[in-house]
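Here is the file protein.cif (mmCIF, C-alpha atoms).
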data_work
#
loop_
_atom_site.label_atom_id
_atom_site.label_comp_id
_atom_site.auth_asym_id
_atom_site.auth_seq_id
_atom_site.Cartn_x
_atom_site.Cartn_y
_atom_site.Cartn_z
CA MET A 1 5.54 11.56 8.79
CA LYS A 2 7.77 13.92 6.78
CA LYS A 3 10.28 11.12 6.30
CA LEU A 4 7.61 8.81 4.98
CA ILE A 5 6.38 11.43 2.55
CA LEU A 6 9.97 12.09 1.44
CA ILE A 7 10.55 8.37 0.81
CA PHE A 8 7.35 8.22 -1.19
CA THR A 9 8.41 11.19 -3.31
CA MET A 10 11.88 9.76 -3.96
CA ILE A 11 10.47 6.42 -5.03
CA PHE A 12 8.20 8.01 -7.57
CA ALA A 13 10.98 10.20 -8.91
CA ALA A 14 13.18 7.19 -9.55
CA ALA A 15 11.36 5.53 -12.43
CA VAL A 16 14.16 3.91 -14.37
CA SER A 17 12.75 1.59 -16.97
CA PHE A 18 9.64 0.67 -18.88
CA ALA A 19 8.60 -2.64 -20.38
CA GLN A 20 5.51 -3.62 -22.32
CA ASN A 21 3.79 -6.98 -22.36
CA TYR A 22 0.33 -8.50 -22.15
CA ASN A 23 -0.61 -6.49 -25.26
CA ASN A 24 -0.61 -3.24 -23.28
CA GLY A 25 -3.57 -4.50 -21.28
CA ASN A 26 -3.81 -5.81 -17.74
CA GLY A 27 -0.43 -7.03 -16.56
CA THR A 28 1.59 -4.54 -18.60
CA ILE A 29 4.54 -3.14 -16.66
CA ILE A 30 4.12 0.62 -16.70
CA ALA A 31 7.03 1.56 -14.42
CA GLU A 32 9.88 0.13 -12.38
CA GLU A 33 11.02 2.37 -9.54
CA THR A 34 13.98 1.99 -7.21
CA SER A 35 14.83 4.00 -4.10
CA GLU A 36 18.48 3.85 -3.04
CA ASP A 37 17.58 5.44 0.26
CA ASP A 38 15.56 2.58 1.71
CA GLY A 39 16.38 -0.21 -0.73
CA LEU A 40 12.88 -0.57 -2.11
CA ARG A 41 12.05 -1.61 -5.64
CA ILE A 42 8.52 -1.08 -6.93
CA VAL A 43 7.13 -2.64 -10.09
CA ARG A 44 3.83 -1.09 -11.16
CA ARG A 45 1.56 -3.11 -13.44
CA ARG A 46 -1.60 -1.96 -15.13
CA HIS A 47 -4.68 -3.76 -13.91
CA VAL A 48 -8.13 -2.31 -14.54
CA GLN A 49 -11.00 -4.05 -12.78
CA THR A 50 -13.97 -3.17 -10.61
CA VAL A 51 -15.03 -5.37 -7.71
CA THR A 52 -17.23 -4.90 -4.67
CA MET A 53 -15.39 -5.91 -1.51
CA SER A 54 -17.43 -8.23 0.66
CA GLU A 55 -17.38 -8.51 4.43
CA HIS A 56 -15.55 -11.82 3.95
CA ALA A 57 -12.74 -10.53 1.73
CA ASP A 58 -9.44 -12.37 2.06
CA ILE A 59 -7.64 -9.23 3.22
CA PRO A 60 -6.56 -8.59 6.84
CA GLU A 61 -8.74 -6.09 8.68
CA THR A 62 -5.84 -3.65 9.11
CA ASN A 63 -5.34 -3.55 5.33
CA LYS A 64 -8.89 -2.80 4.21
CA ALA A 65 -8.32 0.94 4.56
CA LEU A 66 -7.59 3.32 1.69
CA TRP A 67 -4.33 5.27 2.21
CA LYS A 68 -2.86 8.21 0.36
CA TYR A 69 0.71 6.86 0.25
CA TYR A 70 1.69 3.24 -0.23
CA THR A 71 4.85 3.66 1.88
CA TYR A 72 2.52 3.72 4.87
CA LEU A 73 1.41 0.21 4.09
CA TYR A 74 4.45 -1.27 5.81
CA ASN A 75 2.96 -0.55 9.19
CA THR A 76 -0.23 -1.59 10.86
CA LYS A 77 -3.16 0.73 11.19
CA ARG A 78 -2.56 1.18 14.93
CA THR A 79 1.09 2.17 14.47
CA LEU A 80 0.22 4.65 11.74
CA GLU A 81 -2.42 6.35 13.81
CA GLN A 82 -0.68 6.33 17.20
CA GLU A 83 2.94 7.01 16.22
CA PHE A 84 2.56 9.06 13.04
CA GLY A 85 -0.91 10.54 13.46
CA ILE A 86 -1.83 9.34 9.98
CA THR A 87 -5.43 8.35 9.32
CA PRO A 88 -6.70 6.59 6.18
CA LEU A 89 -8.81 8.23 3.53
CA ILE A 90 -11.40 5.51 4.09
CA ASP A 91 -11.11 3.44 7.23
CA ASP A 92 -12.84 0.29 5.97
CA CYS A 93 -13.68 -0.47 2.35
CA SER A 94 -15.79 -3.55 3.11
CA GLY A 95 -18.96 -3.51 1.02
CA LYS A 96 -17.66 -0.69 -1.17
CA GLU A 97 -17.02 -0.67 -4.91
CA ILE A 98 -13.28 -0.86 -5.59
CA HIS A 99 -12.03 0.47 -8.93
CA ILE A 100 -8.57 -1.07 -9.32
CA MET A 101 -6.09 0.74 -11.59
CA GLU A 102 -2.66 -0.71 -10.77
CA ILE A 103 -0.95 -3.50 -8.83
CA LEU A 104 2.36 -2.70 -7.13
CA LYS A 105 5.01 -5.23 -6.16
CA ILE A 106 7.22 -3.72 -3.43
CA SER A 107 10.38 -5.67 -2.66
CA ASN A 108 13.59 -5.15 -0.73
CA VAL A 109 16.51 -4.86 -3.15
CA TYR A 110 19.16 -5.66 -0.56
CA VAL A 111 17.48 -8.85 0.62
CA ALA A 112 16.76 -10.03 -2.90
CA GLU A 113 20.34 -9.49 -4.11
CA HIS A 114 22.46 -10.26 -1.02
CA ASP A 115 20.56 -12.86 0.93
CA PRO A 116 18.56 -15.06 -1.47
CA ASN A 117 18.09 -17.74 1.19
CA TYR A 118 16.22 -15.41 3.50
CA PRO A 119 12.47 -16.20 3.39
CA TYR A 120 11.48 -12.71 2.31
CA TYR A 121 8.22 -12.15 0.52
CA PRO A 122 7.43 -8.90 -1.29
CA TYR A 123 4.50 -6.67 -0.52
CA TYR A 124 1.67 -6.24 -3.03
CA ALA A 125 -0.48 -3.14 -3.00
CA TYR A 126 -3.32 -1.90 -5.16
CA TYR A 127 -3.78 1.63 -6.47
CA VAL A 128 -7.54 2.10 -6.48
CA GLU A 129 -10.42 4.57 -6.46
CA VAL A 130 -13.14 4.25 -3.84
CA GLU A 131 -16.04 6.69 -3.58
CA GLY A 132 -14.17 9.22 -5.70
CA GLN A 133 -10.96 9.05 -3.64
CA LYS A 134 -7.78 7.56 -5.09
CA GLY A 135 -5.24 5.81 -2.92
CA TYR A 136 -3.53 2.56 -2.02
CA MET A 137 -4.78 -0.63 -0.45
CA TYR A 138 -2.26 -3.12 0.91
CA ALA A 139 -3.46 -6.62 0.16
CA GLU A 140 -0.71 -9.23 0.18
CA ARG A 141 2.56 -10.08 1.82
CA ASP A 142 3.10 -13.68 0.85
CA ASP A 143 3.77 -16.01 -2.05
CA SER A 144 0.13 -16.52 -2.97
CA GLU A 145 -1.18 -17.06 -6.47
CA VAL A 146 -3.10 -13.80 -6.28
CA ALA A 147 -0.07 -11.68 -5.59
CA ASN A 148 2.42 -13.22 -7.99
CA PHE A 149 0.12 -14.13 -10.86
CA TYR A 150 1.84 -11.72 -13.23
CA ASP A 151 5.33 -12.26 -11.82
CA LYS A 152 5.60 -15.82 -13.09
CA GLY A 153 4.11 -15.18 -16.50
CA TYR A 154 0.77 -16.77 -15.74
CA TRP A 155 -1.90 -15.82 -18.22
CA SER A 156 0.68 -14.57 -20.73
CA VAL A 157 -0.19 -15.14 -24.38
CA GLU A 158 1.42 -18.32 -25.71
CA GLY A 159 0.03 -18.00 -29.24
CA SER A 160 -3.21 -18.58 -31.11
CA ILE A 161 -5.00 -21.44 -32.85
CA PHE A 162 -7.66 -21.34 -35.57
CA SER A 163 -10.09 -24.20 -35.18
CA SER A 164 -13.79 -24.93 -35.08
CA GLY A 165 -14.37 -21.83 -37.22
CA LYS A 166 -12.82 -19.31 -34.84
CA GLN A 167 -9.51 -17.91 -33.64
CA TRP A 168 -8.55 -18.93 -30.11
CA THR A 169 -6.06 -16.97 -27.98
CA ILE A 170 -3.91 -19.38 -25.97
CA ARG A 171 -2.72 -18.33 -22.52
CA ASN A 172 -0.33 -19.87 -20.01
CA ALA A 173 -2.10 -21.80 -17.24
CA ARG A 174 0.70 -23.90 -15.76
CA HIS A 175 0.08 -22.44 -12.31
CA SER A 176 -3.16 -24.36 -12.19
CA GLY A 177 -1.48 -27.72 -11.56
CA ASP A 178 -3.39 -30.98 -11.60
CA PHE A 179 -7.10 -31.36 -12.26
CA ILE A 180 -9.52 -34.23 -12.22
CA ILE A 181 -11.41 -35.77 -15.11
CA ALA A 182 -14.21 -37.78 -13.58
CA GLU A 183 -16.39 -38.73 -16.54
CA ARG A 184 -16.07 -40.20 -20.00
CA LEU A 185 -14.46 -37.40 -21.95
CA PHE A 186 -12.87 -36.96 -25.35
CA VAL A 187 -9.52 -35.21 -25.78
CA ARG A 188 -9.27 -33.26 -29.05
CA ASP A 189 -6.32 -32.07 -31.07
CA LYS A 190 -7.56 -28.46 -31.04
CA PRO A 191 -10.10 -26.35 -29.14
CA GLY A 192 -13.71 -26.66 -30.22
CA THR A 193 -15.93 -29.48 -31.43
CA LYS A 194 -16.41 -28.66 -35.12
CA GLY A 195 -13.74 -30.03 -37.43
CA THR A 196 -11.41 -31.15 -34.62
CA ASN A 197 -10.10 -34.67 -34.18
CA LYS A 198 -10.74 -36.88 -31.15
CA ILE A 199 -7.37 -38.25 -30.07
CA TYR A 200 -8.19 -39.93 -26.76
CA LEU A 201 -11.14 -41.00 -24.63
CA PHE A 202 -10.96 -41.17 -20.86
CA TYR A 203 -12.62 -44.28 -19.36
CA LYS A 204 -13.10 -45.93 -22.72
CA ASP A 205 -12.77 -49.44 -21.34
CA THR A 206 -13.44 -48.90 -17.65
CA GLU A 207 -16.27 -47.85 -15.43
CA LEU A 208 -16.58 -44.24 -14.40
CA PRO A 209 -15.37 -43.46 -10.87
CA GLU A 210 -18.11 -43.44 -8.25
CA GLU A 211 -17.02 -40.09 -6.86
CA ALA A 212 -15.47 -37.12 -8.63
CA TYR A 213 -12.40 -37.10 -6.43
CA LEU A 214 -11.57 -40.61 -7.62
CA GLY A 215 -11.09 -39.37 -11.16
CA THR A 216 -7.89 -39.09 -13.19
CA ASP A 217 -5.38 -36.33 -12.47
CA VAL A 218 -4.17 -34.39 -15.49
CA GLU A 219 -1.86 -31.40 -15.85
CA VAL A 220 -3.33 -28.25 -17.40
CA ILE A 221 -0.72 -26.24 -19.27
CA ASN A 222 -2.72 -23.76 -21.37
CA VAL A 223 -6.24 -22.40 -21.63
CA THR A 224 -8.16 -20.44 -24.24
CA GLU A 225 -8.90 -16.86 -23.37
CA GLU A 226 -12.25 -17.19 -25.10
CA GLN A 227 -15.12 -19.18 -23.64
CA GLU A 228 -18.02 -20.99 -25.25
CA THR A 229 -21.19 -22.73 -24.13
CA ILE A 230 -21.74 -26.45 -24.77
CA ASP A 231 -24.80 -28.33 -23.49
CA GLY A 232 -25.63 -25.39 -21.26
CA LYS A 233 -22.16 -25.32 -19.68
CA THR A 234 -19.91 -22.30 -20.23
CA GLY A 235 -16.14 -22.59 -20.01
CA ARG A 236 -12.75 -22.41 -21.68
CA TRP A 237 -10.86 -25.12 -23.50
CA LEU A 238 -7.99 -26.59 -21.49
CA GLU A 239 -4.81 -28.01 -23.00
CA ILE A 240 -3.84 -30.98 -20.85
CA VAL A 241 -0.99 -33.46 -20.58
CA TYR A 242 -1.72 -37.04 -19.53
CA LYS A 243 1.00 -39.67 -19.96
CA ASP A 244 1.96 -39.32 -23.64
CA ILE A 245 -1.31 -37.59 -24.54
CA ARG A 246 -1.46 -33.86 -25.14
CA GLY A 247 -4.72 -32.29 -26.26
CA TRP A 248 -7.75 -30.19 -25.44
CA VAL A 249 -10.79 -30.82 -23.25
CA PHE A 250 -13.76 -28.62 -22.47
CA GLU A 251 -13.71 -27.02 -19.03
CA GLY A 252 -17.42 -27.64 -18.50
CA TYR A 253 -16.78 -31.37 -18.18
CA VAL A 254 -13.73 -31.23 -15.93
CA TYR A 255 -14.11 -31.48 -12.17
CA TYR A 256 -11.63 -29.32 -10.32
CA SER A 257 -11.29 -27.16 -7.23
CA LEU A 258 -9.39 -24.27 -8.75
CA TYR A 259 -9.12 -21.88 -5.85
CA TYR A 260 -8.58 -18.59 -7.60
CA GLY A 261 -9.74 -19.16 -11.17
CA TRP A 262 -7.80 -19.07 -14.42
CA SER A 263 -7.13 -15.39 -14.99
CA PRO A 264 -5.70 -12.56 -12.85
CA GLU A 265 -9.19 -11.04 -12.88
CA ASP A 266 -10.60 -14.24 -11.40
CA CYS A 267 -7.90 -14.26 -8.73
CA ILE A 268 -8.45 -10.68 -7.67
CA GLU A 269 -12.22 -10.97 -7.59
CA GLN A 270 -11.92 -14.01 -5.33
CA GLN A 271 -9.52 -12.16 -3.06
CA PHE A 272 -11.73 -9.10 -2.69
CA THR A 273 -14.98 -11.05 -2.38
CA TRP A 274 -13.87 -14.42 -0.95
CA GLY A 275 -16.12 -16.12 -3.47
CA TYR A 276 -19.14 -13.90 -2.91
CA ARG A 277 -20.56 -12.34 -6.09
#

As structure tokens, what does this structure read like?
Amino acid sequence: MKKLILIFTMIFAAAVSFAQNYNNGNGTIIAEETSEDDGLRIVRRRHVQTVTMSEHADIPETNKALWKYYTYLYNTKRTLEQEFGITPLIDDCSGKEIHIMEILKISNVYVAEHDPNYPYYPYYAYYVEVEGQKGYMYAERDDSEVANFYDKGYWSVEGSIFSSGKQWTIRNARHSGDFIIAERLFVRDKPGTKGTNKIYLFYKDTELPEEAYLGTDVEVINVTEEQETIDGKTGRWLEIVYKDIRGWVFEGYVYYSLYYGWSPEDCIEQQFTWGYR
């Protein structure tokens, strides 16, 4: 136990660099820490969000506990309790309100630098507050979209566009892949319907597909941060690429099965609630 606490202390004392991005909001790197003793590198990103964890959360049962030190998260609950005598602050956070403050990416420096072919995935932990107690929840140890959303620059600001009487913030959405357009739909040169030009029409000369999954696949590359409501449907504007066409369509008219949503907030809410609101 003393060794674990010592490792934890050394990691925190080794903050070596700071970087700012995402406009100092969610996703901003607030510290990068490296421990020479155990070869761990920790990148801490700001992420402020409150979610209520459901009973169906996509987090292993052994990782739903709230711990004081994140170094403990490398072991299962049983090992911690039986071999180290360490018990969590809160044994099970299911059904509780989780106030997230930071996301930590914990990786092995030696593996990353000396054996790039080894299938090593970093750990991702959350620094949170639950029922007035602050601690760490271990959530991921894989290459999922939830865990590495920030790592690959998803949701980063790509620029802005003024159209349809308002300023739109454009964010990276290339992680989203292909989506399906399954109804007659105009593609516009800019987000919005007022004062924008229609540059393409899906299914102009053909019948609409009988089922949504028989629609046309398109690649989504950017989305607007802002949403609007059209014909009772609320959504963002999506910048798509289809053959030699590049333009914007309204999310409300696009059929897709986006598993985790567009933004990091969407991803994390899905993870902690497994789709339950």

Would you translate the PyMOL selection byres ((chain A and resi 72) around 10) into the concrete set of residues it matches in this file, as a list of chain:residue names?
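Against this file, the PyMOL selection byres ((chain A and resi 72) around 10) returns the residues A:Met1, A:Leu4, A:Ile5, A:Phe8, A:Trp67, A:Lys68, A:Tyr69, A:Tyr70, A:Thr71, A:Leu73, A:Tyr74, A:Asn75, A:Thr76, A:Lys77, A:Thr79, A:Leu80, A:Phe84, A:Ile86, A:Pro88, A:Tyr136, A:Tyr138.
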
How about saving the chosen residues, C-alpha atoms kept, as a PDB file, in the frame of the given file?
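And here is the file that came out, selection.pdb:
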ATOM      1  CA  MET A   1       5.540  11.560   8.790  1.00  0.00           C
ATOM      2  CA  LEU A   4       7.610   8.810   4.980  1.00  0.00           C
ATOM      3  CA  ILE A   5       6.380  11.430   2.550  1.00  0.00           C
ATOM      4  CA  PHE A   8       7.350   8.220  -1.190  1.00  0.00           C
ATOM      5  CA  TRP A  67      -4.330   5.270   2.210  1.00  0.00           C
ATOM      6  CA  LYS A  68      -2.860   8.210   0.360  1.00  0.00           C
ATOM      7  CA  TYR A  69       0.710   6.860   0.250  1.00  0.00           C
ATOM      8  CA  TYR A  70       1.690   3.240  -0.230  1.00  0.00           C
ATOM      9  CA  THR A  71       4.850   3.660   1.880  1.00  0.00           C
ATOM     10  CA  LEU A  73       1.410   0.210   4.090  1.00  0.00           C
ATOM     11  CA  TYR A  74       4.450  -1.270   5.810  1.00  0.00           C
ATOM     12  CA  ASN A  75       2.960  -0.550   9.190  1.00  0.00           C
ATOM     13  CA  THR A  76      -0.230  -1.590  10.860  1.00  0.00           C
ATOM     14  CA  LYS A  77      -3.160   0.730  11.190  1.00  0.00           C
ATOM     15  CA  THR A  79       1.090   2.170  14.470  1.00  0.00           C
ATOM     16  CA  LEU A  80       0.220   4.650  11.740  1.00  0.00           C
ATOM     17  CA  PHE A  84       2.560   9.060  13.040  1.00  0.00           C
ATOM     18  CA  ILE A  86      -1.830   9.340   9.980  1.00  0.00           C
ATOM     19  CA  PRO A  88      -6.700   6.590   6.180  1.00  0.00           C
ATOM     20  CA  TYR A 136      -3.530   2.560  -2.020  1.00  0.00           C
ATOM     21  CA  TYR A 138      -2.260  -3.120   0.910  1.00  0.00           C
TER      22      TYR A 138
END

Hey, what comes out of the PyMOL selection byres ((chain A and resi 223-226) around 8) on this file? Could you write it as a PyMOL selection string? chain A and resi 168-173+191+220-222+227-228+236-239

Could you write out as a list in words the residues that the PyMOL selection byres ((chain A and resi 106) around 7) matches in the shown file?
->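 That selection, the PyMOL selection byres ((chain A and resi 106) around 7), comes back as Leu40, Arg41, Ile42, Val43, Leu104, Lys105, Ser107, Pro122, Tyr123 and Tyr124 of chain A.
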
Residue with the minimum atom-to-atom distance to A:Val109, picked from A:Asp151, A:Asp217, A:Glu207, A:Asp38 with all atoms listed in the file counted, is A:Asp38

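Coordinates place atom CA of A:Ala125 at a distance of 11.6 Å from atom CA of A:Asn148.
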
Which residues are near stretch 272-274 of chain A? Cut-off 7 Å, only C-alpha atoms, ignore same chain within fewer than 3 positions. Put them as a list in words.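 Final neighbour list, sorted by chain and number: Thr52, Met53, Ser54, His56, Ala57, Asp58, Ile268, Glu269 and Arg277 of chain A.
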
Here atom CA of A:Tyr253 and atom CA of A:Val218 stand apart by 13.2 Å

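Atom pair atom CA of A:Ile98 / atom CA of A:Ala65: separated by 11.4 Å.
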
- Show which residues sit within 9 Å of A:Ile103, as a ChimeraX atom specification. Count all atoms listed in the file, and ignore same-chain residues fewer than 3 positions away. /A:27,43-47,100,124-128,147

Selected residues written out, C-alpha atoms, as a compact mmCIF listing (two decimals), in the coordinates of the input:
# COMPACT_ATOMS: atom_id res chain seq x y z
CA GLY A 27 -0.43 -7.03 -16.56
CA VAL A 43 7.13 -2.64 -10.09
CA ARG A 44 3.83 -1.09 -11.16
CA ARG A 45 1.56 -3.11 -13.44
CA ARG A 46 -1.60 -1.96 -15.13
CA HIS A 47 -4.68 -3.76 -13.91
CA ILE A 100 -8.57 -1.07 -9.32
CA TYR A 124 1.67 -6.24 -3.03
CA ALA A 125 -0.48 -3.14 -3.00
CA TYR A 126 -3.32 -1.90 -5.16
CA TYR A 127 -3.78 1.63 -6.47
CA VAL A 128 -7.54 2.10 -6.48
CA ALA A 147 -0.07 -11.68 -5.59

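The residue that comes closest to A:Glu131, out of A:Lys166, A:Lys152, A:Tyr200, A:Gly95 and on the basis of only C-alpha atoms, is A:Gly95.
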
### Message
Which residues are near A:Thr196? Cut-off 9 Å, only C-alpha atoms, ignore same chain within fewer than 6 positions. Put them as a list in words.
### Response
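The neighbour list is Ser163, Ser164, Arg188, Asp189 and Lys190 of chain A.
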
So that I can check the surroundings of A:Gly132, please list as a ChimeraX atom specification every protein, DNA and RNA residue that reaches within 12 Å of it, counting all atoms listed in the file and ignoring chain neighbours fewer than 4 positions away. /A:66,89-90,96-99,128

With only C-alpha atoms as the atoms that count, which of A:Lys233, A:Gln167, A:Glu33, A:Leu185 lies nearest to A:Leu208?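 When distances to A:Leu208 are compared using only C-alpha atoms, the smallest one comes from A:Leu185.
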
### Message
So that I can check the surroundings of A:Phe202, please list as a list in words every protein, DNA and RNA residue that reaches within 10 Å of it, counting only C-alpha atoms and ignoring chain neighbours fewer than 2 positions away.
### Response
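Using only C-alpha atoms, the neighbours found are Ile181, Ala182, Glu183, Arg184, Leu185, Phe186, Val187, Tyr200, Lys204, Asp205, Thr206, Leu208, Gly215 and Thr216 of chain A.
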
What does the file look like for those residues with C-alpha atoms, as an mmCIF file, in the frame of the given file?
data_model
loop_
_atom_site.group_PDB
_atom_site.id
_atom_site.type_symbol
_atom_site.label_atom_id
_atom_site.label_comp_id
_atom_site.auth_asym_id
_atom_site.auth_seq_id
_atom_site.Cartn_x
_atom_site.Cartn_y
_atom_site.Cartn_z
ATOM 1 C CA ILE A 181 -11.410 -35.770 -15.110
ATOM 2 C CA ALA A 182 -14.210 -37.780 -13.580
ATOM 3 C CA GLU A 183 -16.390 -38.730 -16.540
ATOM 4 C CA ARG A 184 -16.070 -40.200 -20.000
ATOM 5 C CA LEU A 185 -14.460 -37.400 -21.950
ATOM 6 C CA PHE A 186 -12.870 -36.960 -25.350
ATOM 7 C CA VAL A 187 -9.520 -35.210 -25.780
ATOM 8 C CA TYR A 200 -8.190 -39.930 -26.760
ATOM 9 C CA LYS A 204 -13.100 -45.930 -22.720
ATOM 10 C CA ASP A 205 -12.770 -49.440 -21.340
ATOM 11 C CA THR A 206 -13.440 -48.900 -17.650
ATOM 12 C CA LEU A 208 -16.580 -44.240 -14.400
ATOM 13 C CA GLY A 215 -11.090 -39.370 -11.160
ATOM 14 C CA THR A 216 -7.890 -39.090 -13.190
#

Export C-alpha atoms of stretch 31-76 of chain A from the structure just given, as a PDB file, in the first residue's frame?
ATOM      1  CA  ALA A  31      -1.072  18.582 -17.157  1.00  0.00           C
ATOM      2  CA  GLU A  32       1.238  15.909 -18.516  1.00  0.00           C
ATOM      3  CA  GLU A  33       2.930  13.818 -15.842  1.00  0.00           C
ATOM      4  CA  THR A  34       5.630  11.191 -16.177  1.00  0.00           C
ATOM      5  CA  SER A  35       6.964   8.802 -13.546  1.00  0.00           C
ATOM      6  CA  GLU A  36      10.415   7.375 -14.282  1.00  0.00           C
ATOM      7  CA  ASP A  37       9.952   4.855 -11.503  1.00  0.00           C
ATOM      8  CA  ASP A  38       7.197   2.802 -13.095  1.00  0.00           C
ATOM      9  CA  GLY A  39       7.232   4.134 -16.652  1.00  0.00           C
ATOM     10  CA  LEU A  40       3.794   5.691 -16.525  1.00  0.00           C
ATOM     11  CA  ARG A  41       2.752   8.781 -18.423  1.00  0.00           C
ATOM     12  CA  ILE A  42      -0.476  10.537 -17.457  1.00  0.00           C
ATOM     13  CA  VAL A  43      -2.205  13.167 -19.550  1.00  0.00           C
ATOM     14  CA  ARG A  44      -4.921  15.014 -17.650  1.00  0.00           C
ATOM     15  CA  ARG A  45      -7.641  16.761 -19.643  1.00  0.00           C
ATOM     16  CA  ARG A  46     -10.324  19.050 -18.343  1.00  0.00           C
ATOM     17  CA  HIS A  47     -13.800  17.656 -18.774  1.00  0.00           C
ATOM     18  CA  VAL A  48     -16.703  19.067 -16.760  1.00  0.00           C
ATOM     19  CA  GLN A  49     -19.961  17.156 -17.011  1.00  0.00           C
ATOM     20  CA  THR A  50     -22.602  15.702 -14.723  1.00  0.00           C
ATOM     21  CA  VAL A  51     -24.269  12.382 -15.484  1.00  0.00           C
ATOM     22  CA  THR A  52     -26.288   9.891 -13.478  1.00  0.00           C
ATOM     23  CA  MET A  53     -24.851   6.405 -13.821  1.00  0.00           C
ATOM     24  CA  SER A  54     -27.487   3.836 -14.676  1.00  0.00           C
ATOM     25  CA  GLU A  55     -27.561   0.191 -13.691  1.00  0.00           C
ATOM     26  CA  HIS A  56     -26.729  -0.590 -17.328  1.00  0.00           C
ATOM     27  CA  ALA A  57     -23.640   1.613 -17.628  1.00  0.00           C
ATOM     28  CA  ASP A  58     -20.988   0.378 -20.041  1.00  0.00           C
ATOM     29  CA  ILE A  59     -18.403   0.081 -17.272  1.00  0.00           C
ATOM     30  CA  PRO A  60     -17.230  -3.241 -15.774  1.00  0.00           C
ATOM     31  CA  GLU A  61     -18.643  -3.960 -12.338  1.00  0.00           C
ATOM     32  CA  THR A  62     -15.185  -3.900 -10.734  1.00  0.00           C
ATOM     33  CA  ASN A  63     -14.634  -0.362 -12.025  1.00  0.00           C
ATOM     34  CA  LYS A  64     -17.814   1.309 -10.791  1.00  0.00           C
ATOM     35  CA  ALA A  65     -16.222   2.095  -7.434  1.00  0.00           C
ATOM     36  CA  LEU A  66     -14.815   5.478  -6.414  1.00  0.00           C
ATOM     37  CA  TRP A  67     -11.154   5.255  -5.322  1.00  0.00           C
ATOM     38  CA  LYS A  68      -8.888   7.777  -3.651  1.00  0.00           C
ATOM     39  CA  TYR A  69      -5.843   7.081  -5.838  1.00  0.00           C
ATOM     40  CA  TYR A  70      -5.902   6.287  -9.535  1.00  0.00           C
ATOM     41  CA  THR A  71      -2.784   4.102  -9.277  1.00  0.00           C
ATOM     42  CA  TYR A  72      -5.041   1.542  -7.624  1.00  0.00           C
ATOM     43  CA  LEU A  73      -7.083   1.285 -10.776  1.00  0.00           C
ATOM     44  CA  TYR A  74      -4.600  -1.118 -12.341  1.00  0.00           C
ATOM     45  CA  ASN A  75      -5.876  -3.924 -10.175  1.00  0.00           C
ATOM     46  CA  THR A  76      -9.252  -5.496  -9.742  1.00  0.00           C
TER      47      THR A  76
END
